[in-house]
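A.B. asks: See structure01.cif below, with mmCIF, C-alpha atoms.
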data_run
loop_
_atom_site.label_atom_id
_atom_site.label_comp_id
_atom_site.auth_asym_id
_atom_site.auth_seq_id
_atom_site.Cartn_x
_atom_site.Cartn_y
_atom_site.Cartn_z
CA MET Q 1449 77.56 -7.97 8.47
CA THR Q 1450 74.67 -10.32 7.91
CA SER Q 1451 71.16 -10.16 9.31
CA GLU Q 1452 68.65 -12.92 9.62
CA LEU Q 1453 65.01 -12.46 8.71
CA ASP Q 1454 62.28 -14.96 9.44
CA ILE Q 1455 59.56 -14.98 6.82
CA PHE Q 1456 56.17 -16.65 7.12
CA VAL Q 1457 53.94 -16.85 4.06
CA GLY Q 1458 50.22 -17.53 4.36
CA ASN Q 1459 47.04 -16.61 2.54
CA THR Q 1460 44.51 -16.45 5.37
CA THR Q 1461 43.27 -12.91 5.94
CA LEU Q 1462 43.81 -12.01 9.58
CA ILE Q 1463 40.99 -10.17 11.31
CA ASP Q 1464 41.60 -8.42 14.62
CA GLU Q 1465 38.18 -8.12 16.25
CA ASP Q 1466 39.20 -5.17 18.43
CA VAL Q 1467 40.51 -3.18 15.47
CA TYR Q 1468 37.40 -4.10 13.47
CA ARG Q 1469 35.26 -2.67 16.26
CA LEU Q 1470 37.26 0.57 16.23
CA TRP Q 1471 36.84 0.81 12.46
CA LEU Q 1472 33.10 0.14 12.70
CA ASP Q 1473 32.81 2.77 15.43
CA GLY Q 1474 34.20 5.33 13.00
CA TYR Q 1475 37.56 6.06 14.60
CA SER Q 1476 40.42 7.31 12.42
CA VAL Q 1477 43.66 5.35 12.31
CA THR Q 1478 45.26 7.90 14.65
CA ASP Q 1479 42.45 7.66 17.19
CA ALA Q 1480 42.38 3.86 16.90
CA VAL Q 1481 46.12 3.66 17.58
CA ALA Q 1482 45.74 5.92 20.62
CA LEU Q 1483 42.94 3.75 21.99
CA ARG Q 1484 44.97 0.58 21.42
CA VAL Q 1485 47.94 2.11 23.23
CA ARG Q 1486 45.65 3.05 26.12
CA SER Q 1487 44.44 -0.55 26.32
CA GLY Q 1488 47.99 -1.64 27.17
CA ILE Q 1489 48.65 -3.61 24.00
CA LEU Q 1490 52.27 -2.40 23.70
CA GLU Q 1491 53.09 -3.79 27.13
CA GLN Q 1492 51.21 -7.01 26.45
CA THR Q 1493 52.91 -7.74 23.11
CA GLY Q 1494 56.23 -5.94 23.36
CA ALA Q 1495 55.53 -4.19 20.05
CA THR Q 1496 56.70 -0.68 19.25
CA ALA Q 1497 54.45 2.28 18.50
CA ALA Q 1498 55.57 2.18 14.86
CA VAL Q 1499 54.60 -1.48 14.51
CA LEU Q 1500 51.22 -0.78 16.13
CA GLN Q 1501 50.63 2.11 13.71
CA SER Q 1502 51.51 -0.09 10.74
CA ASP Q 1503 49.34 -2.96 12.01
CA THR Q 1504 46.34 -0.68 12.49
CA MET Q 1505 46.73 0.87 9.03
CA ASP Q 1506 47.00 -2.58 7.47
CA HIS Q 1507 43.79 -3.73 9.14
CA TYR Q 1508 41.97 -0.55 8.10
CA ARG Q 1509 43.03 -1.08 4.45
CA THR Q 1510 41.68 -4.62 4.61
CA PHE Q 1511 38.36 -3.50 6.09
CA HIS Q 1512 37.96 -0.79 3.43
CA MET Q 1513 38.46 -3.41 0.72
CA LEU Q 1514 36.02 -5.77 2.40
CA GLU Q 1515 33.32 -3.11 2.80
CA ARG Q 1516 32.02 -3.30 -0.76
CA LEU Q 1517 31.53 -7.06 -0.25
CA LEU Q 1518 29.77 -6.47 3.06
CA HIS Q 1519 27.20 -4.37 1.21
CA ALA Q 1520 26.08 -7.63 -0.44
CA PRO Q 1521 27.13 -10.36 2.03
CA PRO Q 1522 26.65 -13.36 -0.32
CA LYS Q 1523 29.48 -11.88 -2.42
CA LEU Q 1524 31.79 -12.17 0.58
CA LEU Q 1525 31.09 -15.88 0.75
CA HIS Q 1526 31.76 -16.51 -2.92
CA GLN Q 1527 34.77 -14.25 -3.56
CA LEU Q 1528 38.28 -15.76 -3.76
CA ILE Q 1529 40.47 -12.73 -3.00
CA PHE Q 1530 40.24 -12.91 0.78
CA GLN Q 1531 40.69 -16.29 2.42
CA ILE Q 1532 38.45 -15.91 5.47
CA PRO Q 1533 37.06 -18.88 7.42
CA PRO Q 1534 33.22 -19.12 7.46
CA SER Q 1535 33.01 -18.31 11.18
CA ARG Q 1536 35.02 -15.13 10.57
CA GLN Q 1537 32.84 -14.20 7.60
CA ALA Q 1538 29.75 -14.52 9.78
CA LEU Q 1539 31.35 -12.32 12.44
CA LEU Q 1540 32.29 -9.63 9.89
CA ILE Q 1541 28.76 -9.54 8.50
CA GLU Q 1542 26.94 -9.61 11.83
CA ARG Q 1543 29.03 -6.85 13.35
CA TYR Q 1544 28.91 -4.71 10.22
CA TYR Q 1545 25.10 -4.73 10.33
CA ALA Q 1546 24.85 -4.37 14.11
CA PHE Q 1547 23.54 -1.00 15.29
CA ASP Q 1548 23.46 1.17 18.38
CA GLU Q 1549 20.22 1.36 20.37
CA ALA Q 1550 20.65 5.11 20.82
CA PHE Q 1551 21.00 5.61 17.07
CA VAL Q 1552 18.10 3.45 15.94
CA ARG Q 1553 15.76 5.19 18.41
CA GLU Q 1554 16.53 8.51 16.71
CA VAL Q 1555 15.61 7.30 13.21
CA LEU Q 1556 13.00 4.60 13.90
CA GLY Q 1557 9.83 5.28 11.92
CA LYS Q 1558 11.40 8.05 9.82
CA LYS Q 1559 11.67 7.92 6.07
CA LEU Q 1560 15.06 6.50 5.08
CA SER Q 1561 15.80 9.38 2.73
CA LYS Q 1562 18.35 12.14 2.12
CA GLY Q 1563 16.30 14.41 4.36
CA THR Q 1564 16.79 12.14 7.35
CA LYS Q 1565 20.45 11.60 6.44
CA LYS Q 1566 21.00 15.35 6.76
CA ASP Q 1567 20.04 15.04 10.43
CA LEU Q 1568 22.87 12.61 11.18
CA ASP Q 1569 25.20 15.40 12.34
CA ASP Q 1570 22.72 16.33 15.06
CA ILE Q 1571 22.10 12.68 15.95
CA SER Q 1572 25.84 12.10 16.25
CA THR Q 1573 26.18 15.06 18.62
CA LYS Q 1574 23.17 13.98 20.69
CA THR Q 1575 24.13 10.30 21.01
CA GLY Q 1576 27.91 10.56 21.12
CA ILE Q 1577 28.17 8.08 18.25
CA THR Q 1578 30.68 9.12 15.58
CA LEU Q 1579 29.23 10.58 12.41
CA LYS Q 1580 30.94 7.89 10.34
CA SER Q 1581 29.28 5.15 12.38
CA CYS Q 1582 25.90 6.92 12.14
CA ARG Q 1583 26.26 7.00 8.37
CA ARG Q 1584 27.17 3.31 8.19
CA GLN Q 1585 24.16 2.34 10.30
CA PHE Q 1586 21.78 4.58 8.36
CA ASP Q 1587 23.08 3.32 5.01
CA ASN Q 1588 22.66 -0.27 6.22
CA PHE Q 1589 19.03 0.39 7.16
CA LYS Q 1590 18.39 2.01 3.79
CA ARG Q 1591 20.20 -0.75 1.86
CA VAL Q 1592 18.19 -3.51 3.51
CA PHE Q 1593 14.95 -1.58 2.97
CA LYS Q 1594 15.66 -1.10 -0.74
CA VAL Q 1595 16.53 -4.75 -1.30
CA VAL Q 1596 13.48 -6.26 0.41
CA GLU Q 1597 10.74 -3.67 -0.19
CA GLU Q 1598 9.43 -5.25 -3.41
CA MET Q 1599 9.96 -8.89 -2.45
CA ARG Q 1600 7.31 -11.50 -1.89
CA GLY Q 1601 7.53 -13.70 1.14
CA SER Q 1602 8.54 -13.37 4.77
CA LEU Q 1603 10.36 -10.14 5.59
CA VAL Q 1604 12.65 -11.88 8.09
CA ASP Q 1605 13.43 -14.72 5.66
CA ASN Q 1606 14.20 -12.29 2.83
CA ILE Q 1607 16.56 -10.31 5.03
CA GLN Q 1608 18.33 -13.45 6.19
CA GLN Q 1609 18.65 -14.78 2.66
CA HIS Q 1610 20.10 -11.59 1.15
CA PHE Q 1611 22.15 -10.33 4.10
CA LEU Q 1612 23.02 -13.55 5.97
CA LEU Q 1613 22.15 -12.09 9.36
CA SER Q 1614 21.36 -14.05 12.51
CA ASP Q 1615 17.69 -14.64 13.26
CA ARG Q 1616 17.64 -12.00 16.01
CA LEU Q 1617 19.34 -9.32 13.95
CA ALA Q 1618 17.15 -10.12 10.92
CA ARG Q 1619 14.06 -9.68 13.11
CA ASP Q 1620 15.38 -6.35 14.32
CA TYR Q 1621 15.91 -5.21 10.74
CA ALA Q 1622 12.41 -6.40 9.84
CA ALA Q 1623 11.07 -4.12 12.58
CA ILE Q 1624 13.14 -1.19 11.29
CA VAL Q 1625 11.94 -1.76 7.72
CA PHE Q 1626 8.32 -2.18 8.86
CA PHE Q 1627 8.41 1.03 10.90
CA ALA Q 1628 10.07 2.98 8.08
CA ASN Q 1629 7.49 1.75 5.58
CA ASN Q 1630 4.50 2.66 7.77
CA ARG Q 1631 6.12 5.79 9.26
CA PHE Q 1632 5.06 5.12 12.85
CA GLU Q 1633 5.73 8.05 15.16
CA THR Q 1634 8.27 7.11 17.84
CA GLY Q 1635 9.96 10.42 18.61
CA LYS Q 1636 7.33 12.22 20.70
CA LYS Q 1637 8.36 13.06 24.26
CA LYS Q 1638 5.76 10.76 25.79
CA LEU Q 1639 7.26 7.82 23.87
CA GLN Q 1640 10.86 8.40 24.92
CA TYR Q 1641 10.63 5.89 27.77
CA LEU Q 1642 10.16 3.10 25.21
CA SER Q 1643 13.17 1.20 23.93
CA PHE Q 1644 13.81 -0.09 20.43
CA GLY Q 1645 13.12 -3.56 21.84
CA ASP Q 1646 9.62 -2.44 22.89
CA PHE Q 1647 8.83 -1.20 19.40
CA ALA Q 1648 10.43 -4.24 17.73
CA PHE Q 1649 8.26 -6.53 19.87
CA CYS Q 1650 5.13 -4.70 18.69
CA ALA Q 1651 6.34 -4.68 15.09
CA GLU Q 1652 6.69 -8.46 15.14
CA LEU Q 1653 3.13 -8.85 16.45
CA MET Q 1654 1.73 -6.51 13.80
CA ILE Q 1655 3.66 -8.23 11.01
CA GLN Q 1656 2.30 -11.60 12.14
CA ASN Q 1657 -1.32 -10.45 12.48
CA TRP Q 1658 -2.09 -7.14 10.76
CA THR Q 1659 -0.26 -7.30 7.43
CA LEU Q 1660 -1.30 -8.69 4.07
CA GLY Q 1661 1.02 -11.61 4.68
CA ALA Q 1662 -0.90 -12.53 7.80
CA VAL Q 1663 -3.77 -13.72 5.61
CA ASP Q 1664 -2.14 -14.44 2.23
CA SER Q 1665 1.48 -15.54 1.95
CA GLN Q 1666 1.47 -14.88 -1.82
CA MET Q 1667 0.72 -11.18 -1.54
CA ASP Q 1668 3.33 -8.68 -2.75
CA ASP Q 1669 5.13 -6.79 0.04
CA MET Q 1670 3.23 -9.09 2.38
CA ASP Q 1671 5.05 -8.19 5.57
CA MET Q 1672 5.68 -4.54 4.70
CA ASP Q 1673 2.15 -3.23 4.32
CA LEU Q 1674 -0.72 -3.28 6.76
CA ASP Q 1675 -3.84 -5.04 5.46
CA LYS Q 1676 -5.99 -2.11 4.32
CA GLU Q 1677 -9.14 -4.22 4.18
CA PHE Q 1678 -8.58 -5.29 7.78
CA LEU Q 1679 -8.04 -1.68 8.87
CA GLN Q 1680 -11.24 -0.67 7.05
CA ASP Q 1681 -13.21 -3.45 8.75
CA LEU Q 1682 -12.06 -2.27 12.20
CA LYS Q 1683 -14.68 0.46 12.02
CA GLU Q 1684 -17.23 -2.28 12.71
CA LEU Q 1685 -15.87 -2.55 16.26
CA LYS Q 1686 -17.31 0.88 17.13
CA VAL Q 1687 -20.59 -0.80 17.97
CA LEU Q 1688 -18.95 -1.98 21.21
CA VAL Q 1689 -18.94 1.57 22.54
CA ALA Q 1690 -21.65 3.19 20.39
CA ASP Q 1691 -24.34 0.72 21.50
CA LYS Q 1692 -25.08 1.56 25.15
CA ASP Q 1693 -26.51 -1.89 25.91
CA LEU Q 1694 -23.43 -3.65 24.54
CA LEU Q 1695 -21.12 -1.30 26.41
CA ASP Q 1696 -22.98 -1.83 29.68
CA LEU Q 1697 -23.06 -5.60 29.21
CA HIS Q 1698 -19.35 -5.68 28.35
CA LYS Q 1699 -18.57 -3.71 31.50
CA SER Q 1700 -20.76 -5.97 33.60
CA LEU Q 1701 -19.07 -9.14 32.31
CA VAL Q 1702 -15.58 -7.78 32.95
CA CYS Q 1703 -16.44 -6.44 36.42
CA THR Q 1704 -18.11 -9.71 37.45
CA ALA Q 1705 -15.08 -11.72 36.35
CA LEU Q 1706 -12.52 -9.44 38.01
CA ARG Q 1707 -14.27 -8.51 41.28
CA GLY Q 1708 -11.95 -9.43 44.13
CA LYS Q 1709 -9.07 -10.15 41.77
CA LEU Q 1710 -7.83 -6.62 41.01
CA GLY Q 1711 -6.13 -4.31 43.47
CA VAL Q 1712 -7.43 -1.40 41.38
CA PHE Q 1713 -10.93 -2.78 40.87
CA SER Q 1714 -12.76 0.41 41.87
CA GLU Q 1715 -10.55 2.51 39.55
CA MET Q 1716 -11.12 0.04 36.71
CA GLU Q 1717 -14.87 0.00 37.27
CA ALA Q 1718 -15.06 3.80 37.33
CA ASN Q 1719 -12.91 4.20 34.22
CA PHE Q 1720 -14.02 1.17 32.20
CA LYS Q 1721 -16.05 3.06 29.61
CA ASN Q 1722 -13.31 5.62 28.96
CA LEU Q 1723 -10.71 2.88 28.55
CA SER Q 1724 -12.97 0.87 26.26
CA ARG Q 1725 -13.80 3.90 24.13
CA GLY Q 1726 -10.10 4.65 23.85
CA LEU Q 1727 -9.15 1.16 22.68
CA VAL Q 1728 -12.06 0.83 20.26
CA ASN Q 1729 -11.68 4.35 18.83
CA VAL Q 1730 -7.99 3.69 18.12
CA ALA Q 1731 -9.14 0.76 15.96
CA ALA Q 1732 -11.82 2.76 14.19
CA LYS Q 1733 -9.37 5.51 13.19
CA LEU Q 1734 -6.76 3.27 11.58
CA THR Q 1735 -8.23 3.86 8.12
CA HIS Q 1736 -6.34 7.17 7.99
CA ASN Q 1737 -2.58 7.27 7.42
CA LYS Q 1738 -2.02 9.91 10.10
CA ASP Q 1739 -3.81 7.82 12.69
CA VAL Q 1740 -1.76 4.77 11.70
CA ARG Q 1741 1.39 6.83 12.22
CA ASP Q 1742 0.13 7.99 15.63
CA LEU Q 1743 -0.81 4.49 16.82
CA PHE Q 1744 1.71 4.37 19.67
CA VAL Q 1745 0.99 7.94 20.73
CA ASP Q 1746 -2.71 7.07 20.94
CA LEU Q 1747 -2.14 3.85 22.88
CA VAL Q 1748 -0.04 5.67 25.45
CA GLU Q 1749 -2.53 8.55 25.74
CA LYS Q 1750 -5.72 6.49 25.76
CA PHE Q 1751 -4.64 3.54 27.87
CA VAL Q 1752 -1.13 3.56 29.33
CA GLU Q 1753 -1.25 7.04 30.89
CA PRO Q 1754 -4.74 6.70 32.46
CA CYS Q 1755 -3.79 3.34 34.01
CA ARG Q 1756 -0.45 4.63 35.16
CA SER Q 1757 -2.07 7.69 36.79
CA ASP Q 1758 -4.28 5.31 38.80
CA HIS Q 1759 -1.20 3.24 39.73
CA TRP Q 1760 -2.26 0.00 38.07
CA PRO Q 1761 0.37 -2.71 38.58
CA LEU Q 1762 1.32 -4.63 35.43
CA SER Q 1763 -0.36 -7.76 36.79
CA ASP Q 1764 -3.71 -5.93 37.00
CA VAL Q 1765 -3.26 -4.55 33.48
CA ARG Q 1766 -2.73 -8.11 32.27
CA PHE Q 1767 -5.79 -9.43 34.11
CA PHE Q 1768 -7.92 -6.61 32.77
CA LEU Q 1769 -6.82 -6.91 29.13
CA ASN Q 1770 -7.26 -10.68 29.13
CA GLN Q 1771 -10.78 -10.45 30.50
CA TYR Q 1772 -11.66 -7.38 28.45
CA SER Q 1773 -10.71 -9.26 25.27
CA ALA Q 1774 -12.25 -12.61 26.18
CA SER Q 1775 -15.60 -11.34 27.49
CA VAL Q 1776 -16.55 -9.95 24.07
CA HIS Q 1777 -17.20 -13.56 23.04
CA SER Q 1778 -20.11 -13.61 25.48
CA LEU Q 1779 -21.84 -10.60 23.89
CA ASP Q 1780 -24.73 -12.12 21.94
CA GLY Q 1781 -25.36 -8.99 19.92
CA PHE Q 1782 -21.78 -8.71 18.65
CA ARG Q 1783 -21.03 -10.25 15.25
CA HIS Q 1784 -17.34 -9.48 14.66
CA GLN Q 1785 -15.54 -11.93 16.95
CA THR Q 1786 -12.81 -12.93 14.46
CA LEU Q 1787 -12.06 -9.30 13.63
CA TRP Q 1788 -11.95 -8.47 17.34
CA ASP Q 1789 -9.53 -11.30 18.10
CA ARG Q 1790 -7.21 -10.26 15.27
CA TYR Q 1791 -7.17 -6.71 16.58
CA MET Q 1792 -7.06 -7.27 20.32
CA GLY Q 1793 -4.69 -10.23 20.20
CA THR Q 1794 -2.00 -7.93 18.86
CA LEU Q 1795 -3.05 -4.85 20.81
CA ARG Q 1796 -3.04 -6.73 24.12
CA GLY Q 1797 0.53 -7.88 23.55
CA CYS Q 1798 1.65 -4.38 22.56
CA LEU Q 1799 -0.03 -2.69 25.52
CA LEU Q 1800 1.56 -5.07 28.00
CA ARG Q 1801 4.94 -4.30 26.45
CA LEU Q 1802 4.30 -0.54 26.46
CA TYR Q 1803 3.11 -0.51 30.06
CA HIS Q 1804 5.94 0.13 32.50
CA ASP Q 1805 4.42 0.29 35.99
#
Could you express the structure from this file as structure tokens?

C.D. replies:
Amino acid sequence: MTSELDIFVGNTTLIDEDVYRLWLDGYSVTDAVALRVRSGILEQTGATAAVLQSDTMDHYRTFHMLERLLHAPPKLLHQLIFQIPPSRQALLIERYYAFDEAFVREVLGKKLSKGTKKDLDDISTKTGITLKSCRRQFDNFKRVFKVVEEMRGSLVDNIQQHFLLSDRLARDYAAIVFFANNRFETGKKKLQYLSFGDFAFCAELMIQNWTLGAVDSQMDDMDMDLDKEFLQDLKELKVLVADKDLLDLHKSLVCTALRGKLGVFSEMEANFKNLSRGLVNVAAKLTHNKDVRDLFVDLVEKFVEPCRSDHWPLSDVRFFLNQYSASVHSLDGFRHQTLWDRYMGTLRGCLLRLYHD
């Protein structure tokens, strides 16, 4: 009795995107096979359960071997063991470093240390993300942080160069690194309505305007560290609320410009001084590390919540902040216009993002 066997020999490494996703999500081979069966793949392909089991195990072995290369993506491009087309390499890298919104919100702003890693069991239970996937995502955050923390130059560019991520994902990682470095508080109950995208938007503004790199591209850790001299100078802005004449004139200018244009004009007029004191005092306190960490808590408490309680629509918040910022240029007794613009330009953008009417 003779049997015929067709053999095909090739050297291109086959990557099944669906199996890769199951591996990234932390499923065991057994669970992955069960999920593939549930998807109807046996009926679609005519394969047996044994073949599906073998196929899944083979893919998992490949992914485990690739993982050490994914820890340093340029190595994946230059290695000769796995013949993977460039488009497939890019997909492997991008998806390996992708993260879940629910997970990143739990660790954003925390120190990327063993202490935080011990909390991953609880985070896994809370979010429904497998512990294995939580560990991969946390280790990715920590790996990127360690590689770029001492580098000169743009944070986004450094991440792209060393991890070959897309522009969007590199910007997201820059936000994660920036928040971890400055330890911004994001976990308080009053901040839970904010998404990672909200914080990432603010991080990008702060990196562009409040860091050492915003004024000197040759500074070490330029995009990681806030400009301490700038934060120290912000105390000069207190004159806007400490000097009664300046405060009254500022209010008058804003009210004159916005009369008839705001639906909440009377509420704004009545609360102007409290809002102004809140925004200026946030600036004046940023010389202390704790107050830097509590920046978003303070912005929500001092501005977002008071406006929300008076039912300000977002359009009125925008009108107010634009005029509030611009009218300072008409205050003859105020001598810190450039400092004010650097502060309020970023703060205005953040507040509009944080305000959900």

A.B. asks: Can you tell me which residues surround Val1730 (chain Q) at a distance of at most 10 Å, considering all atoms listed in the file, apart from same-chain residues fewer than 6 positions away, and format the answer as a list in words?

C.D. replies: Leu1682, Lys1683, Lys1686, Ser1724, Asp1739, Val1740, Asp1742, Leu1743, Phe1744, Asp1746, Leu1747 and Lys1750 of chain Q

A.B. asks: Choose the residue, out of Q:Leu1660, Q:Met1513, Q:Leu1685, Q:Cys1798, that has the smallest atom-to-atom separation from Ser1602 (chain Q); count all atoms listed in the file.

C.D. replies: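 Answer, going by the shortest atom-to-atom distance: Q:Leu1660.
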
A.B. asks: Near region 1564-1569 of chain Q, counting all atoms listed in the file, which residues have an atom at most 9 Å away, once you skip same-chain residues fewer than 6 positions from it, shown as number ranges by chain?

C.D. replies: Q: 1555, 1558, 1578-1579, 1582-1583, 1586-1587

A.B. asks: Keeping only C-alpha atoms, write those residues as a PDB file, in the frame of the given file.

C.D. replies:
ATOM      1  CA  VAL Q1555      15.610   7.300  13.210  1.00  0.00           C
ATOM      2  CA  LYS Q1558      11.400   8.050   9.820  1.00  0.00           C
ATOM      3  CA  THR Q1578      30.680   9.120  15.580  1.00  0.00           C
ATOM      4  CA  LEU Q1579      29.230  10.580  12.410  1.00  0.00           C
ATOM      5  CA  CYS Q1582      25.900   6.920  12.140  1.00  0.00           C
ATOM      6  CA  ARG Q1583      26.260   7.000   8.370  1.00  0.00           C
ATOM      7  CA  PHE Q1586      21.780   4.580   8.360  1.00  0.00           C
ATOM      8  CA  ASP Q1587      23.080   3.320   5.010  1.00  0.00           C
TER       9      ASP Q1587
END

A.B. asks: Take the PyMOL selection byres ((chain Q and resi 1497) around 12), run it mentally on this structure, and tell me the resulting residues as JSON, numbers by chain.

C.D. replies: {"Q": [1478, 1481, 1482, 1484, 1485, 1486, 1488, 1489, 1490, 1491, 1493, 1494, 1495, 1496, 1498, 1499, 1500, 1501, 1502, 1503, 1504]}

A.B. asks: Please compute the CA of Tyr1772 (chain Q)-CA of Gly1726 (chain Q) distance, one decimal, in Å.

C.D. replies: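 Separation of CA of Tyr1772 (chain Q) and CA of Gly1726 (chain Q): 13.0 Å.
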
A.B. asks: Step by step: locate region 1670-1681 of chain Q in the block above, keep N, CA, C and O atoms, then write the file as an mmCIF file, in the first residue's frame.

C.D. replies:
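Below you can see part.cif, which holds the result:
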data_model
loop_
_atom_site.group_PDB
_atom_site.id
_atom_site.type_symbol
_atom_site.label_atom_id
_atom_site.label_comp_id
_atom_site.auth_asym_id
_atom_site.auth_seq_id
_atom_site.Cartn_x
_atom_site.Cartn_y
_atom_site.Cartn_z
ATOM 1 N N MET Q 1670 15.006 66.533 27.924
ATOM 2 C CA MET Q 1670 14.290 67.778 27.645
ATOM 3 C C MET Q 1670 12.779 67.656 27.692
ATOM 4 O O MET Q 1670 12.098 68.573 28.122
ATOM 5 N N ASP Q 1671 12.244 66.534 27.245
ATOM 6 C CA ASP Q 1671 10.794 66.395 27.226
ATOM 7 C C ASP Q 1671 10.251 65.649 28.437
ATOM 8 O O ASP Q 1671 9.048 65.477 28.569
ATOM 9 N N MET Q 1672 11.147 65.185 29.303
ATOM 10 C CA MET Q 1672 10.716 64.412 30.473
ATOM 11 C C MET Q 1672 10.413 65.310 31.660
ATOM 12 O O MET Q 1672 9.469 65.074 32.406
ATOM 13 N N ASP Q 1673 11.225 66.338 31.832
ATOM 14 C CA ASP Q 1673 11.167 67.154 33.042
ATOM 15 C C ASP Q 1673 10.545 68.514 32.786
ATOM 16 O O ASP Q 1673 10.860 69.188 31.798
ATOM 17 N N LEU Q 1674 9.686 68.926 33.686
ATOM 18 C CA LEU Q 1674 9.140 70.271 33.630
ATOM 19 C C LEU Q 1674 10.248 71.283 33.898
ATOM 20 O O LEU Q 1674 11.182 71.016 34.649
ATOM 21 N N ASP Q 1675 10.147 72.434 33.265
ATOM 22 C CA ASP Q 1675 11.143 73.499 33.407
ATOM 23 C C ASP Q 1675 10.978 74.134 34.793
ATOM 24 O O ASP Q 1675 10.049 74.895 35.042
ATOM 25 N N LYS Q 1676 11.897 73.807 35.691
ATOM 26 C CA LYS Q 1676 11.797 74.272 37.083
ATOM 27 C C LYS Q 1676 11.868 75.799 37.184
ATOM 28 O O LYS Q 1676 11.211 76.411 38.025
ATOM 29 N N GLU Q 1677 12.673 76.410 36.332
ATOM 30 C CA GLU Q 1677 12.771 77.870 36.353
ATOM 31 C C GLU Q 1677 11.439 78.501 35.949
ATOM 32 O O GLU Q 1677 10.985 79.487 36.545
ATOM 33 N N PHE Q 1678 10.800 77.922 34.959
ATOM 34 C CA PHE Q 1678 9.480 78.389 34.529
ATOM 35 C C PHE Q 1678 8.467 78.245 35.667
ATOM 36 O O PHE Q 1678 7.698 79.173 35.958
ATOM 37 N N LEU Q 1679 8.472 77.086 36.327
ATOM 38 C CA LEU Q 1679 7.531 76.868 37.430
ATOM 39 C C LEU Q 1679 7.778 77.866 38.559
ATOM 40 O O LEU Q 1679 6.829 78.348 39.193
ATOM 41 N N GLN Q 1680 9.050 78.162 38.823
ATOM 42 C CA GLN Q 1680 9.397 79.134 39.858
ATOM 43 C C GLN Q 1680 8.885 80.523 39.483
ATOM 44 O O GLN Q 1680 8.332 81.255 40.314
ATOM 45 N N ASP Q 1681 9.042 80.885 38.214
ATOM 46 C CA ASP Q 1681 8.617 82.214 37.755
ATOM 47 C C ASP Q 1681 7.104 82.394 37.828
ATOM 48 O O ASP Q 1681 6.612 83.537 37.900
#
